[in-house]
Amino acid sequence: MPPSATGPGAAAPQHPSEHDGGRFPIAGVARSSGRAFALVWRTHHRLTLVLAALTLVAGALPPLGAYVGKLIVDGVVAAIRSGADADTTRVLWLVAAEFSIVALNAGAQKGLDVSQSLLRALLGQRVNELILEKALTLSLDQFEDSEFYDRMTRARREASTRPLSLVNRAFGLCQSGISLVAYASLVLAFSPWALLLLGVAALPAFLAEKRFSEDAFRLFRWRAPETRKQMYLETVMAREDHAKEVKLFGLGPLLLDRYRGIFHKAYAEDRALAYRRGIYGFVLGLLSTLALYAAYAWTALATVHGELTLGDMTMYLLVFKQGQSTLTSALRGIGGLYEDNLYLSNLHEFLEQPSHAFGGAATEGTLPGDGLRLEHVSFTYAGANEPAVDDVSLHLGPGEKLALVGENGAGKTTLIKLVAGLYQPERGRVLFEGRDVREWSRAALHARIGVIFQDFVRYQLLFGENIGAGDVAGFDDEARWRVAGERGMADAVATTLPEGYHTQLGRWFTGGVELSGGQWQKVALARAFMRESAQLLVLDEPTSAMDAEAEAAIFQRLKELSRDKMAILISHRFSTVRMADRIIVLDRGRIREEGSHETLVANGGRYAHLFALQAAGYR
């Protein structure tokens, strides 16, 4: 599990400030907007083009409808005065034209809704794929960093919707821009001052909205660790593998109270921001409304004085209202673009972070048959005061079996992760067949190593797929499942299941069956045997959940099947490790003793002491 964001050594969470992502330069907005457009375009070309075309149509039709409305009113007045059938017919044609415009506009809006809905689904999937693809390139130590989880949480929470939101807003701005140009040309014919009045009145609300967007974003960034805490508490309270302890220890109410506490703290901050946003929005919105009605009064007086026709007045009243609404919408769109770019910066921050993973292109060693060598290897976890592995040197030849012994925290599992290339040594080298593991292709190196970690994954997949996970090339190969299952003694487990190797494991899905701890370990052991080309088998506490008889059978089978392979065994059971050719005792990351079981017992050191303590329990 990654270190807690609030645990020892973690930086104290900082409250939102001006410097915590609140300011986003214009250049950054332009760059981020361009990347969002490119992402939407790559997601689906045709839908993006349809969205653009419909946006243009939807922007041009409302001003045209307003102008036709003016012609209708003036036409009605003219028909009343003349009584001519031709004038009446002209009015009816104009009404039909306005109906067509309204129908086209409604169709364009529905088309926009459908296009946006489809793009939203496709884009959400694409962004999640990008995040997961990036996660697959990162190193194990990055997954053990709480700051990494904060960045990933921020990226995943909003990034699946923000790119499309940004593009929609941008298209909406284009639509509003087209409408505004048309409205402005109509208003200019009446008075440039009226245009200026309506434009200036909309600015204060826009500036306030932009400021509140920054405040909301700062809260969002600061809250990432708290969000992860809530997600973790949900997992503990709702997952079947936690349920037994939560119920037995009565943890449910305590955890639920913590969950509520995090929400109420966040809600109080959101409520305060919503109140401020609402009050300022109402007050500043009144300025825009006041300007609108001032323009109404101006138009009415001009009509009374004969400066405008009744149709002109009807058109201008509609243009003032729609124009100001469009301008307000455009300014909000600009603020929304700014806000979307703030949130998209989280996605870009995650996708652009450098990977600590290493690996070369080599697929063969320089000294075939040399086995595994560690030369003065040291490694320290981030934030730790002492190294987990300290100046370790050893050599493991082909066919040799090595056991690692030591107390919890002695560095045994860390050493295995260094051997497998999951961690990079701070000092020293790990050599496989004479070549530094950093020079090996990850795929080529891992194909030569079969590993069972003590915290192996229990996949909610088919029984056979759980075994096939050991070699992705044979993931669906039932014949290989059965061979590996027989080697790992998992075939006996399969015979007890309702559908054998095709039985669904776990309780997450319909018909799932749960295995015992010992049965799961046999599945994990079979998973290691899927690596048929593996030259090194690494078993980290592989039989801790098995009874003594099953354990003895497993290790006898292991010795038979790995006669020509290297093997590293980690175990606290001395009845097991004594079967190894050589035993290494680790203490605080350093090798303290090394030799066979008999030699170490005769030396009377740490190993002999631990062996005596364990043996006494059986007397």
# chains A, B, ... in the order shown; residues from 1 in each chain; ligands from 1
call {"tool": "select_by_dssp", "arguments": {"residues": "stretch 309-444 of chain A", "states": "strand (DSSP E)", "output": "compact mmCIF listing (two decimals) with N, CA and C atoms, in the first residue's frame"}}
result
# COMPACT_ATOMS: atom_id res chain seq x y z
N LEU A 372 22.92 -15.22 -11.72
CA LEU A 372 22.56 -13.93 -11.13
C LEU A 372 23.67 -13.45 -10.21
N ARG A 373 24.03 -12.16 -10.36
CA ARG A 373 25.04 -11.56 -9.49
C ARG A 373 24.54 -10.21 -8.97
N LEU A 374 24.79 -9.98 -7.68
CA LEU A 374 24.57 -8.67 -7.09
C LEU A 374 25.91 -8.16 -6.60
N GLU A 375 26.26 -6.94 -7.02
CA GLU A 375 27.55 -6.37 -6.66
C GLU A 375 27.34 -5.10 -5.85
N HIS A 376 27.51 -5.19 -4.53
CA HIS A 376 27.44 -4.03 -3.63
C HIS A 376 26.15 -3.21 -3.86
N VAL A 377 25.03 -3.91 -3.86
CA VAL A 377 23.74 -3.28 -4.16
C VAL A 377 23.16 -2.62 -2.91
N SER A 378 22.70 -1.37 -3.08
CA SER A 378 22.04 -0.63 -1.99
C SER A 378 20.79 0.04 -2.55
N PHE A 379 19.78 0.16 -1.69
CA PHE A 379 18.53 0.81 -2.09
C PHE A 379 17.84 1.37 -0.86
N VAL A 389 18.09 -2.14 1.58
CA VAL A 389 19.14 -3.08 1.16
C VAL A 389 20.45 -2.32 1.21
N ASP A 390 21.46 -2.90 1.88
CA ASP A 390 22.68 -2.15 2.15
C ASP A 390 23.93 -2.97 1.79
N ASP A 391 24.54 -2.63 0.66
CA ASP A 391 25.82 -3.22 0.24
C ASP A 391 25.76 -4.74 0.18
N VAL A 392 24.77 -5.25 -0.55
CA VAL A 392 24.59 -6.70 -0.68
C VAL A 392 25.31 -7.20 -1.93
N SER A 393 26.12 -8.23 -1.75
CA SER A 393 26.80 -8.89 -2.88
C SER A 393 26.56 -10.40 -2.76
N LEU A 394 26.19 -11.01 -3.87
CA LEU A 394 26.01 -12.47 -3.88
C LEU A 394 26.02 -12.97 -5.32
N HIS A 395 26.23 -14.28 -5.45
CA HIS A 395 26.19 -14.92 -6.77
C HIS A 395 25.35 -16.19 -6.67
N LEU A 396 24.45 -16.35 -7.64
CA LEU A 396 23.59 -17.53 -7.69
C LEU A 396 23.80 -18.19 -9.06
N LYS A 401 19.93 -23.34 -5.43
CA LYS A 401 18.77 -22.91 -4.65
C LYS A 401 19.25 -22.08 -3.47
N LEU A 402 18.73 -20.85 -3.37
CA LEU A 402 19.15 -19.91 -2.33
C LEU A 402 17.94 -19.55 -1.48
N ALA A 403 18.12 -19.56 -0.15
CA ALA A 403 17.05 -19.14 0.76
C ALA A 403 17.45 -17.84 1.44
N LEU A 404 16.47 -16.92 1.55
CA LEU A 404 16.68 -15.67 2.27
C LEU A 404 15.90 -15.72 3.57
N VAL A 405 16.58 -15.46 4.67
CA VAL A 405 15.98 -15.54 6.00
C VAL A 405 16.21 -14.21 6.71
N ARG A 427 23.07 2.27 -5.58
CA ARG A 427 24.50 1.97 -5.77
C ARG A 427 24.63 0.49 -6.11
N GLY A 428 25.69 0.16 -6.82
CA GLY A 428 25.94 -1.22 -7.17
C GLY A 428 25.21 -1.66 -8.43
N ARG A 429 25.33 -2.95 -8.74
CA ARG A 429 24.72 -3.48 -9.97
C ARG A 429 24.06 -4.84 -9.69
N VAL A 430 22.99 -5.08 -10.43
CA VAL A 430 22.38 -6.41 -10.48
C VAL A 430 22.62 -6.94 -11.88
N LEU A 431 23.30 -8.08 -11.98
CA LEU A 431 23.67 -8.64 -13.28
C LEU A 431 22.94 -9.96 -13.50
N PHE A 432 22.36 -10.11 -14.67
CA PHE A 432 21.74 -11.37 -15.06
C PHE A 432 22.44 -11.86 -16.32
N ARG A 435 24.93 -9.34 -17.68
CA ARG A 435 24.48 -8.03 -18.16
C ARG A 435 23.65 -7.33 -17.08
N ASP A 436 23.93 -6.04 -16.88
CA ASP A 436 23.18 -5.24 -15.91
C ASP A 436 21.70 -5.29 -16.28
call {"tool": "residues_around", "arguments": {"residues": "A:Lys70", "least_positions_apart": "3", "cutoff": "8 Å", "atoms": "only C-alpha atoms", "output": "PyMOL selection string"}}
result
chain A and resi 66-67+73-74+311-312+314-315
call {"tool": "residues_around", "arguments": {"residues": "A:Gly261", "least_positions_apart": "4", "cutoff": "12 Å", "atoms": "only C-alpha atoms", "output": "list in words"}}
result
Glu226, Thr227, Lys229, Gln230, Leu233, Leu254, Leu255, Leu256, Asp257, Lys265, Ala266, Tyr267 and Ala268 of chain A
call {"tool": "atom_distance", "arguments": {"atom1": "atom CA of A:Glu144", "atom2": "atom CA of A:Glu386"}}
result
17.0 Å
call {"tool": "residues_around", "arguments": {"residues": "A:Trp93", "least_positions_apart": "3", "cutoff": "12 Å", "atoms": "only C-alpha atoms", "output": "PyMOL selection string"}}
result
chain A and resi 68-69+71-72+75-76+86-90+96-100
call {"tool": "write_last_selection", "arguments": {"atoms": "N, CA and C atoms", "output": "PDB file, in the first residue's frame"}}
result
ATOM      1  N   VAL A  68     -36.339  38.295 -39.528  1.00  0.00           N
ATOM      2  CA  VAL A  68     -37.601  37.886 -40.162  1.00  0.00           C
ATOM      3  C   VAL A  68     -38.782  38.284 -39.283  1.00  0.00           C
ATOM      4  N   GLY A  69     -38.620  38.211 -37.953  1.00  0.00           N
ATOM      5  CA  GLY A  69     -39.675  38.659 -37.051  1.00  0.00           C
ATOM      6  C   GLY A  69     -40.010  40.123 -37.242  1.00  0.00           C
ATOM      7  N   LEU A  71     -39.628  41.771 -40.065  1.00  0.00           N
ATOM      8  CA  LEU A  71     -40.335  41.871 -41.331  1.00  0.00           C
ATOM      9  C   LEU A  71     -41.801  41.468 -41.178  1.00  0.00           C
ATOM     10  N   ILE A  72     -42.067  40.467 -40.327  1.00  0.00           N
ATOM     11  CA  ILE A  72     -43.444  40.039 -40.106  1.00  0.00           C
ATOM     12  C   ILE A  72     -44.275  41.163 -39.489  1.00  0.00           C
ATOM     13  N   GLY A  75     -44.771  43.848 -41.908  1.00  0.00           N
ATOM     14  CA  GLY A  75     -45.685  43.364 -42.946  1.00  0.00           C
ATOM     15  C   GLY A  75     -47.135  43.386 -42.486  1.00  0.00           C
ATOM     16  N   VAL A  76     -47.347  43.007 -41.212  1.00  0.00           N
ATOM     17  CA  VAL A  76     -48.709  43.039 -40.661  1.00  0.00           C
ATOM     18  C   VAL A  76     -49.235  44.468 -40.649  1.00  0.00           C
ATOM     19  N   ALA A  86     -51.980  40.791 -51.517  1.00  0.00           N
ATOM     20  CA  ALA A  86     -50.547  40.517 -51.735  1.00  0.00           C
ATOM     21  C   ALA A  86     -49.753  40.736 -50.450  1.00  0.00           C
ATOM     22  N   ASP A  87     -50.094  41.801 -49.703  1.00  0.00           N
ATOM     23  CA  ASP A  87     -49.385  42.065 -48.444  1.00  0.00           C
ATOM     24  C   ASP A  87     -49.684  40.979 -47.415  1.00  0.00           C
ATOM     25  N   THR A  88     -50.933  40.526 -47.415  1.00  0.00           N
ATOM     26  CA  THR A  88     -51.303  39.448 -46.482  1.00  0.00           C
ATOM     27  C   THR A  88     -50.562  38.161 -46.822  1.00  0.00           C
ATOM     28  N   THR A  89     -50.492  37.838 -48.126  1.00  0.00           N
ATOM     29  CA  THR A  89     -49.779  36.635 -48.569  1.00  0.00           C
ATOM     30  C   THR A  89     -48.306  36.717 -48.186  1.00  0.00           C
ATOM     31  N   ARG A  90     -47.731  37.930 -48.351  1.00  0.00           N
ATOM     32  CA  ARG A  90     -46.313  38.117 -48.006  1.00  0.00           C
ATOM     33  C   ARG A  90     -46.080  37.829 -46.531  1.00  0.00           C
ATOM     34  N   ALA A  96     -44.035  31.458 -42.549  1.00  0.00           N
ATOM     35  CA  ALA A  96     -43.524  30.138 -42.935  1.00  0.00           C
ATOM     36  C   ALA A  96     -41.997  30.120 -42.900  1.00  0.00           C
ATOM     37  N   ALA A  97     -41.391  31.228 -43.341  1.00  0.00           N
ATOM     38  CA  ALA A  97     -39.920  31.305 -43.324  1.00  0.00           C
ATOM     39  C   ALA A  97     -39.397  31.264 -41.888  1.00  0.00           C
ATOM     40  N   GLU A  98     -40.076  32.003 -40.967  1.00  0.00           N
ATOM     41  CA  GLU A  98     -39.621  31.987 -39.580  1.00  0.00           C
ATOM     42  C   GLU A  98     -39.803  30.602 -38.966  1.00  0.00           C
ATOM     43  N   PHE A  99     -40.898  29.922 -39.329  1.00  0.00           N
ATOM     44  CA  PHE A  99     -41.093  28.551 -38.848  1.00  0.00           C
ATOM     45  C   PHE A  99     -39.939  27.649 -39.314  1.00  0.00           C
ATOM     46  N   SER A 100     -39.546  27.808 -40.574  1.00  0.00           N
ATOM     47  CA  SER A 100     -38.448  26.996 -41.111  1.00  0.00           C
ATOM     48  C   SER A 100     -37.151  27.273 -40.358  1.00  0.00           C
TER      49      SER A 100
END
call {"tool": "residues_around", "arguments": {"residues": "A:Val577", "least_positions_apart": "2", "cutoff": "12 Å", "atoms": "only C-alpha atoms", "output": "PyMOL selection string"}}
result
chain A and resi 401-406+539-543+551-552+555+567-575+579-585+595-598+600+607+611
call {"tool": "residues_around", "arguments": {"residues": "stretch 415-425 of chain A", "least_positions_apart": "6", "cutoff": "8 Å", "atoms": "only C-alpha atoms", "output": "MDAnalysis selection string"}}
result
chainID A and resid 139:141 357:358 377:379 389 437:438 442 445:446 449 538
call {"tool": "write_last_selection", "arguments": {"atoms": "C-alpha atoms", "output": "mmCIF file, in the first residue's frame"}}
result
data_model
loop_
_atom_site.group_PDB
_atom_site.id
_atom_site.type_symbol
_atom_site.label_atom_id
_atom_site.label_comp_id
_atom_site.auth_asym_id
_atom_site.auth_seq_id
_atom_site.Cartn_x
_atom_site.Cartn_y
_atom_site.Cartn_z
ATOM 1 C CA SER A 139 7.943 2.521 -12.194
ATOM 2 C CA LEU A 140 6.976 0.678 -9.020
ATOM 3 C CA ASP A 141 8.470 3.347 -6.750
ATOM 4 C CA ALA A 357 11.079 3.016 -15.139
ATOM 5 C CA PHE A 358 14.263 1.840 -16.762
ATOM 6 C CA VAL A 377 23.739 -3.281 -4.161
ATOM 7 C CA SER A 378 22.041 -0.632 -1.989
ATOM 8 C CA PHE A 379 18.529 0.813 -2.092
ATOM 9 C CA VAL A 389 19.137 -3.078 1.164
ATOM 10 C CA VAL A 437 19.398 -5.629 -15.557
ATOM 11 C CA ARG A 438 19.053 -1.953 -16.549
ATOM 12 C CA ARG A 442 11.849 -5.485 -19.619
ATOM 13 C CA LEU A 445 14.219 -10.044 -18.450
ATOM 14 C CA HIS A 446 10.800 -10.816 -16.995
ATOM 15 C CA ILE A 449 12.026 -14.794 -14.083
ATOM 16 C CA VAL A 538 11.495 -16.534 -6.913
#
call {"tool": "residues_around", "arguments": {"residues": "stretch 104-119 of chain A", "least_positions_apart": "6", "cutoff": "8 Å", "atoms": "only C-alpha atoms", "output": "list in words"}}
result
Val40, Thr43, His44, Leu47, Thr48, Val50, Leu51, Leu54, Thr55, Val57, Ala58, Leu61, Pro62, Leu164 and Asn168 of chain A
call {"tool": "select_by_dssp", "arguments": {"residues": "stretch 441-570 of chain A", "states": "helix (DSSP H, G or I)", "output": "VMD selection string"}}
result
chain A and resid 442 to 447 463 to 468 472 to 474 478 to 487 491 to 494 500 to 502 517 to 529 548 to 561
call {"tool": "atom_distance", "arguments": {"atom1": "atom CA of A:Phe475", "atom2": "atom CA of A:Val523"}}
result
13.8 Å
call {"tool": "decode", "arguments": {"residues": "stretch 53-101 of chain A", "atoms": "N, CA and C atoms", "output": "PDB file, in the first residue's frame"}}
result
ATOM      1  N   ALA A  53     -19.905  22.001 -37.743  1.00  0.00           N
ATOM      2  CA  ALA A  53     -20.874  22.489 -38.733  1.00  0.00           C
ATOM      3  C   ALA A  53     -22.184  22.901 -38.071  1.00  0.00           C
ATOM      4  N   LEU A  54     -22.682  22.076 -37.179  1.00  0.00           N
ATOM      5  CA  LEU A  54     -23.934  22.396 -36.497  1.00  0.00           C
ATOM      6  C   LEU A  54     -23.797  23.634 -35.626  1.00  0.00           C
ATOM      7  N   THR A  55     -22.607  23.840 -35.067  1.00  0.00           N
ATOM      8  CA  THR A  55     -22.370  25.040 -34.268  1.00  0.00           C
ATOM      9  C   THR A  55     -22.505  26.293 -35.120  1.00  0.00           C
ATOM     10  N   LEU A  56     -21.948  26.258 -36.323  1.00  0.00           N
ATOM     11  CA  LEU A  56     -22.049  27.408 -37.230  1.00  0.00           C
ATOM     12  C   LEU A  56     -23.500  27.680 -37.604  1.00  0.00           C
ATOM     13  N   VAL A  57     -24.247  26.610 -37.912  1.00  0.00           N
ATOM     14  CA  VAL A  57     -25.658  26.769 -38.278  1.00  0.00           C
ATOM     15  C   VAL A  57     -26.449  27.352 -37.106  1.00  0.00           C
ATOM     16  N   ALA A  58     -26.237  26.797 -35.903  1.00  0.00           N
ATOM     17  CA  ALA A  58     -26.972  27.259 -34.720  1.00  0.00           C
ATOM     18  C   ALA A  58     -26.622  28.699 -34.373  1.00  0.00           C
ATOM     19  N   GLY A  59     -25.422  29.150 -34.745  1.00  0.00           N
ATOM     20  CA  GLY A  59     -25.047  30.533 -34.463  1.00  0.00           C
ATOM     21  C   GLY A  59     -25.665  31.523 -35.423  1.00  0.00           C
ATOM     22  N   ALA A  60     -25.881  31.114 -36.669  1.00  0.00           N
ATOM     23  CA  ALA A  60     -26.375  32.043 -37.685  1.00  0.00           C
ATOM     24  C   ALA A  60     -27.892  32.186 -37.678  1.00  0.00           C
ATOM     25  N   LEU A  61     -28.616  31.153 -37.266  1.00  0.00           N
ATOM     26  CA  LEU A  61     -30.075  31.159 -37.416  1.00  0.00           C
ATOM     27  C   LEU A  61     -30.813  32.132 -36.480  1.00  0.00           C
ATOM     28  N   PRO A  62     -30.460  32.252 -35.152  1.00  0.00           N
ATOM     29  CA  PRO A  62     -31.248  33.144 -34.291  1.00  0.00           C
ATOM     30  C   PRO A  62     -31.296  34.609 -34.758  1.00  0.00           C
ATOM     31  N   PRO A  63     -30.154  35.243 -35.156  1.00  0.00           N
ATOM     32  CA  PRO A  63     -30.266  36.625 -35.657  1.00  0.00           C
ATOM     33  C   PRO A  63     -31.134  36.714 -36.917  1.00  0.00           C
ATOM     34  N   LEU A  64     -31.025  35.694 -37.774  1.00  0.00           N
ATOM     35  CA  LEU A  64     -31.854  35.686 -38.976  1.00  0.00           C
ATOM     36  C   LEU A  64     -33.325  35.615 -38.593  1.00  0.00           C
ATOM     37  N   GLY A  65     -33.644  34.811 -37.577  1.00  0.00           N
ATOM     38  CA  GLY A  65     -35.020  34.716 -37.104  1.00  0.00           C
ATOM     39  C   GLY A  65     -35.521  36.039 -36.559  1.00  0.00           C
ATOM     40  N   ALA A  66     -34.638  36.769 -35.839  1.00  0.00           N
ATOM     41  CA  ALA A  66     -35.035  38.083 -35.304  1.00  0.00           C
ATOM     42  C   ALA A  66     -35.349  39.059 -36.430  1.00  0.00           C
ATOM     43  N   TYR A  67     -34.544  39.028 -37.477  1.00  0.00           N
ATOM     44  CA  TYR A  67     -34.779  39.937 -38.603  1.00  0.00           C
ATOM     45  C   TYR A  67     -36.079  39.588 -39.312  1.00  0.00           C
ATOM     46  N   VAL A  68     -36.339  38.295 -39.528  1.00  0.00           N
ATOM     47  CA  VAL A  68     -37.601  37.886 -40.162  1.00  0.00           C
ATOM     48  C   VAL A  68     -38.782  38.284 -39.283  1.00  0.00           C
ATOM     49  N   GLY A  69     -38.620  38.211 -37.953  1.00  0.00           N
ATOM     50  CA  GLY A  69     -39.675  38.659 -37.051  1.00  0.00           C
ATOM     51  C   GLY A  69     -40.010  40.123 -37.242  1.00  0.00           C
ATOM     52  N   LYS A  70     -38.987  40.952 -37.457  1.00  0.00           N
ATOM     53  CA  LYS A  70     -39.212  42.390 -37.739  1.00  0.00           C
ATOM     54  C   LYS A  70     -40.016  42.557 -39.025  1.00  0.00           C
ATOM     55  N   LEU A  71     -39.628  41.771 -40.065  1.00  0.00           N
ATOM     56  CA  LEU A  71     -40.335  41.871 -41.331  1.00  0.00           C
ATOM     57  C   LEU A  71     -41.801  41.468 -41.178  1.00  0.00           C
ATOM     58  N   ILE A  72     -42.067  40.467 -40.327  1.00  0.00           N
ATOM     59  CA  ILE A  72     -43.444  40.039 -40.106  1.00  0.00           C
ATOM     60  C   ILE A  72     -44.275  41.163 -39.489  1.00  0.00           C
ATOM     61  N   VAL A  73     -43.735  41.800 -38.420  1.00  0.00           N
ATOM     62  CA  VAL A  73     -44.478  42.877 -37.753  1.00  0.00           C
ATOM     63  C   VAL A  73     -44.732  44.020 -38.723  1.00  0.00           C
ATOM     64  N   ASP A  74     -43.681  44.451 -39.445  1.00  0.00           N
ATOM     65  CA  ASP A  74     -43.865  45.548 -40.408  1.00  0.00           C
ATOM     66  C   ASP A  74     -44.830  45.140 -41.515  1.00  0.00           C
ATOM     67  N   GLY A  75     -44.771  43.848 -41.908  1.00  0.00           N
ATOM     68  CA  GLY A  75     -45.685  43.364 -42.946  1.00  0.00           C
ATOM     69  C   GLY A  75     -47.135  43.386 -42.486  1.00  0.00           C
ATOM     70  N   VAL A  76     -47.347  43.007 -41.212  1.00  0.00           N
ATOM     71  CA  VAL A  76     -48.709  43.039 -40.661  1.00  0.00           C
ATOM     72  C   VAL A  76     -49.235  44.468 -40.649  1.00  0.00           C
ATOM     73  N   VAL A  77     -48.412  45.424 -40.204  1.00  0.00           N
ATOM     74  CA  VAL A  77     -48.844  46.831 -40.175  1.00  0.00           C
ATOM     75  C   VAL A  77     -49.179  47.308 -41.579  1.00  0.00           C
ATOM     76  N   ALA A  78     -48.326  46.949 -42.555  1.00  0.00           N
ATOM     77  CA  ALA A  78     -48.562  47.358 -43.949  1.00  0.00           C
ATOM     78  C   ALA A  78     -49.838  46.733 -44.496  1.00  0.00           C
ATOM     79  N   ALA A  79     -50.091  45.457 -44.158  1.00  0.00           N
ATOM     80  CA  ALA A  79     -51.293  44.779 -44.656  1.00  0.00           C
ATOM     81  C   ALA A  79     -52.547  45.397 -44.063  1.00  0.00           C
ATOM     82  N   ILE A  80     -52.467  45.800 -42.792  1.00  0.00           N
ATOM     83  CA  ILE A  80     -53.622  46.442 -42.151  1.00  0.00           C
ATOM     84  C   ILE A  80     -53.944  47.750 -42.854  1.00  0.00           C
ATOM     85  N   ARG A  81     -52.883  48.479 -43.188  1.00  0.00           N
ATOM     86  CA  ARG A  81     -53.087  49.789 -43.808  1.00  0.00           C
ATOM     87  C   ARG A  81     -53.600  49.656 -45.239  1.00  0.00           C
ATOM     88  N   SER A  82     -53.034  48.709 -46.001  1.00  0.00           N
ATOM     89  CA  SER A  82     -53.383  48.611 -47.429  1.00  0.00           C
ATOM     90  C   SER A  82     -54.588  47.717 -47.676  1.00  0.00           C
ATOM     91  N   GLY A  83     -54.744  46.680 -46.855  1.00  0.00           N
ATOM     92  CA  GLY A  83     -55.826  45.725 -47.079  1.00  0.00           C
ATOM     93  C   GLY A  83     -55.626  44.871 -48.307  1.00  0.00           C
ATOM     94  N   ALA A  84     -54.439  44.931 -48.920  1.00  0.00           N
ATOM     95  CA  ALA A  84     -54.162  44.183 -50.149  1.00  0.00           C
ATOM     96  C   ALA A  84     -53.877  42.718 -49.835  1.00  0.00           C
ATOM     97  N   ASP A  85     -54.390  41.830 -50.699  1.00  0.00           N
ATOM     98  CA  ASP A  85     -54.147  40.403 -50.517  1.00  0.00           C
ATOM     99  C   ASP A  85     -52.666  40.067 -50.657  1.00  0.00           C
ATOM    100  N   ALA A  86     -51.980  40.791 -51.517  1.00  0.00           N
ATOM    101  CA  ALA A  86     -50.547  40.517 -51.735  1.00  0.00           C
ATOM    102  C   ALA A  86     -49.753  40.736 -50.450  1.00  0.00           C
ATOM    103  N   ASP A  87     -50.094  41.801 -49.703  1.00  0.00           N
ATOM    104  CA  ASP A  87     -49.385  42.065 -48.444  1.00  0.00           C
ATOM    105  C   ASP A  87     -49.684  40.979 -47.415  1.00  0.00           C
ATOM    106  N   THR A  88     -50.933  40.526 -47.415  1.00  0.00           N
ATOM    107  CA  THR A  88     -51.303  39.448 -46.482  1.00  0.00           C
ATOM    108  C   THR A  88     -50.562  38.161 -46.822  1.00  0.00           C
ATOM    109  N   THR A  89     -50.492  37.838 -48.126  1.00  0.00           N
ATOM    110  CA  THR A  89     -49.779  36.635 -48.569  1.00  0.00           C
ATOM    111  C   THR A  89     -48.306  36.717 -48.186  1.00  0.00           C
ATOM    112  N   ARG A  90     -47.731  37.930 -48.351  1.00  0.00           N
ATOM    113  CA  ARG A  90     -46.313  38.117 -48.006  1.00  0.00           C
ATOM    114  C   ARG A  90     -46.080  37.829 -46.531  1.00  0.00           C
ATOM    115  N   VAL A  91     -47.007  38.265 -45.663  1.00  0.00           N
ATOM    116  CA  VAL A  91     -46.889  38.007 -44.223  1.00  0.00           C
ATOM    117  C   VAL A  91     -46.899  36.502 -43.959  1.00  0.00           C
ATOM    118  N   LEU A  92     -47.808  35.800 -44.650  1.00  0.00           N
ATOM    119  CA  LEU A  92     -47.888  34.343 -44.434  1.00  0.00           C
ATOM    120  C   LEU A  92     -46.599  33.645 -44.872  1.00  0.00           C
ATOM    121  N   TRP A  93     -46.011  34.082 -45.986  1.00  0.00           N
ATOM    122  CA  TRP A  93     -44.734  33.505 -46.417  1.00  0.00           C
ATOM    123  C   TRP A  93     -43.616  33.792 -45.410  1.00  0.00           C
ATOM    124  N   LEU A  94     -43.657  35.004 -44.839  1.00  0.00           N
ATOM    125  CA  LEU A  94     -42.656  35.342 -43.828  1.00  0.00           C
ATOM    126  C   LEU A  94     -42.816  34.473 -42.573  1.00  0.00           C
ATOM    127  N   VAL A  95     -44.071  34.212 -42.178  1.00  0.00           N
ATOM    128  CA  VAL A  95     -44.317  33.331 -41.030  1.00  0.00           C
ATOM    129  C   VAL A  95     -43.793  31.932 -41.327  1.00  0.00           C
ATOM    130  N   ALA A  96     -44.035  31.458 -42.549  1.00  0.00           N
ATOM    131  CA  ALA A  96     -43.524  30.138 -42.935  1.00  0.00           C
ATOM    132  C   ALA A  96     -41.997  30.120 -42.900  1.00  0.00           C
ATOM    133  N   ALA A  97     -41.391  31.228 -43.341  1.00  0.00           N
ATOM    134  CA  ALA A  97     -39.920  31.305 -43.324  1.00  0.00           C
ATOM    135  C   ALA A  97     -39.397  31.264 -41.888  1.00  0.00           C
ATOM    136  N   GLU A  98     -40.076  32.003 -40.967  1.00  0.00           N
ATOM    137  CA  GLU A  98     -39.621  31.987 -39.580  1.00  0.00           C
ATOM    138  C   GLU A  98     -39.803  30.602 -38.966  1.00  0.00           C
ATOM    139  N   PHE A  99     -40.898  29.922 -39.329  1.00  0.00           N
ATOM    140  CA  PHE A  99     -41.093  28.551 -38.848  1.00  0.00           C
ATOM    141  C   PHE A  99     -39.939  27.649 -39.314  1.00  0.00           C
ATOM    142  N   SER A 100     -39.546  27.808 -40.574  1.00  0.00           N
ATOM    143  CA  SER A 100     -38.448  26.996 -41.111  1.00  0.00           C
ATOM    144  C   SER A 100     -37.151  27.273 -40.358  1.00  0.00           C
ATOM    145  N   ILE A 101     -36.924  28.539 -40.044  1.00  0.00           N
ATOM    146  CA  ILE A 101     -35.708  28.908 -39.308  1.00  0.00           C
ATOM    147  C   ILE A 101     -35.730  28.288 -37.916  1.00  0.00           C
TER     148      ILE A 101
END
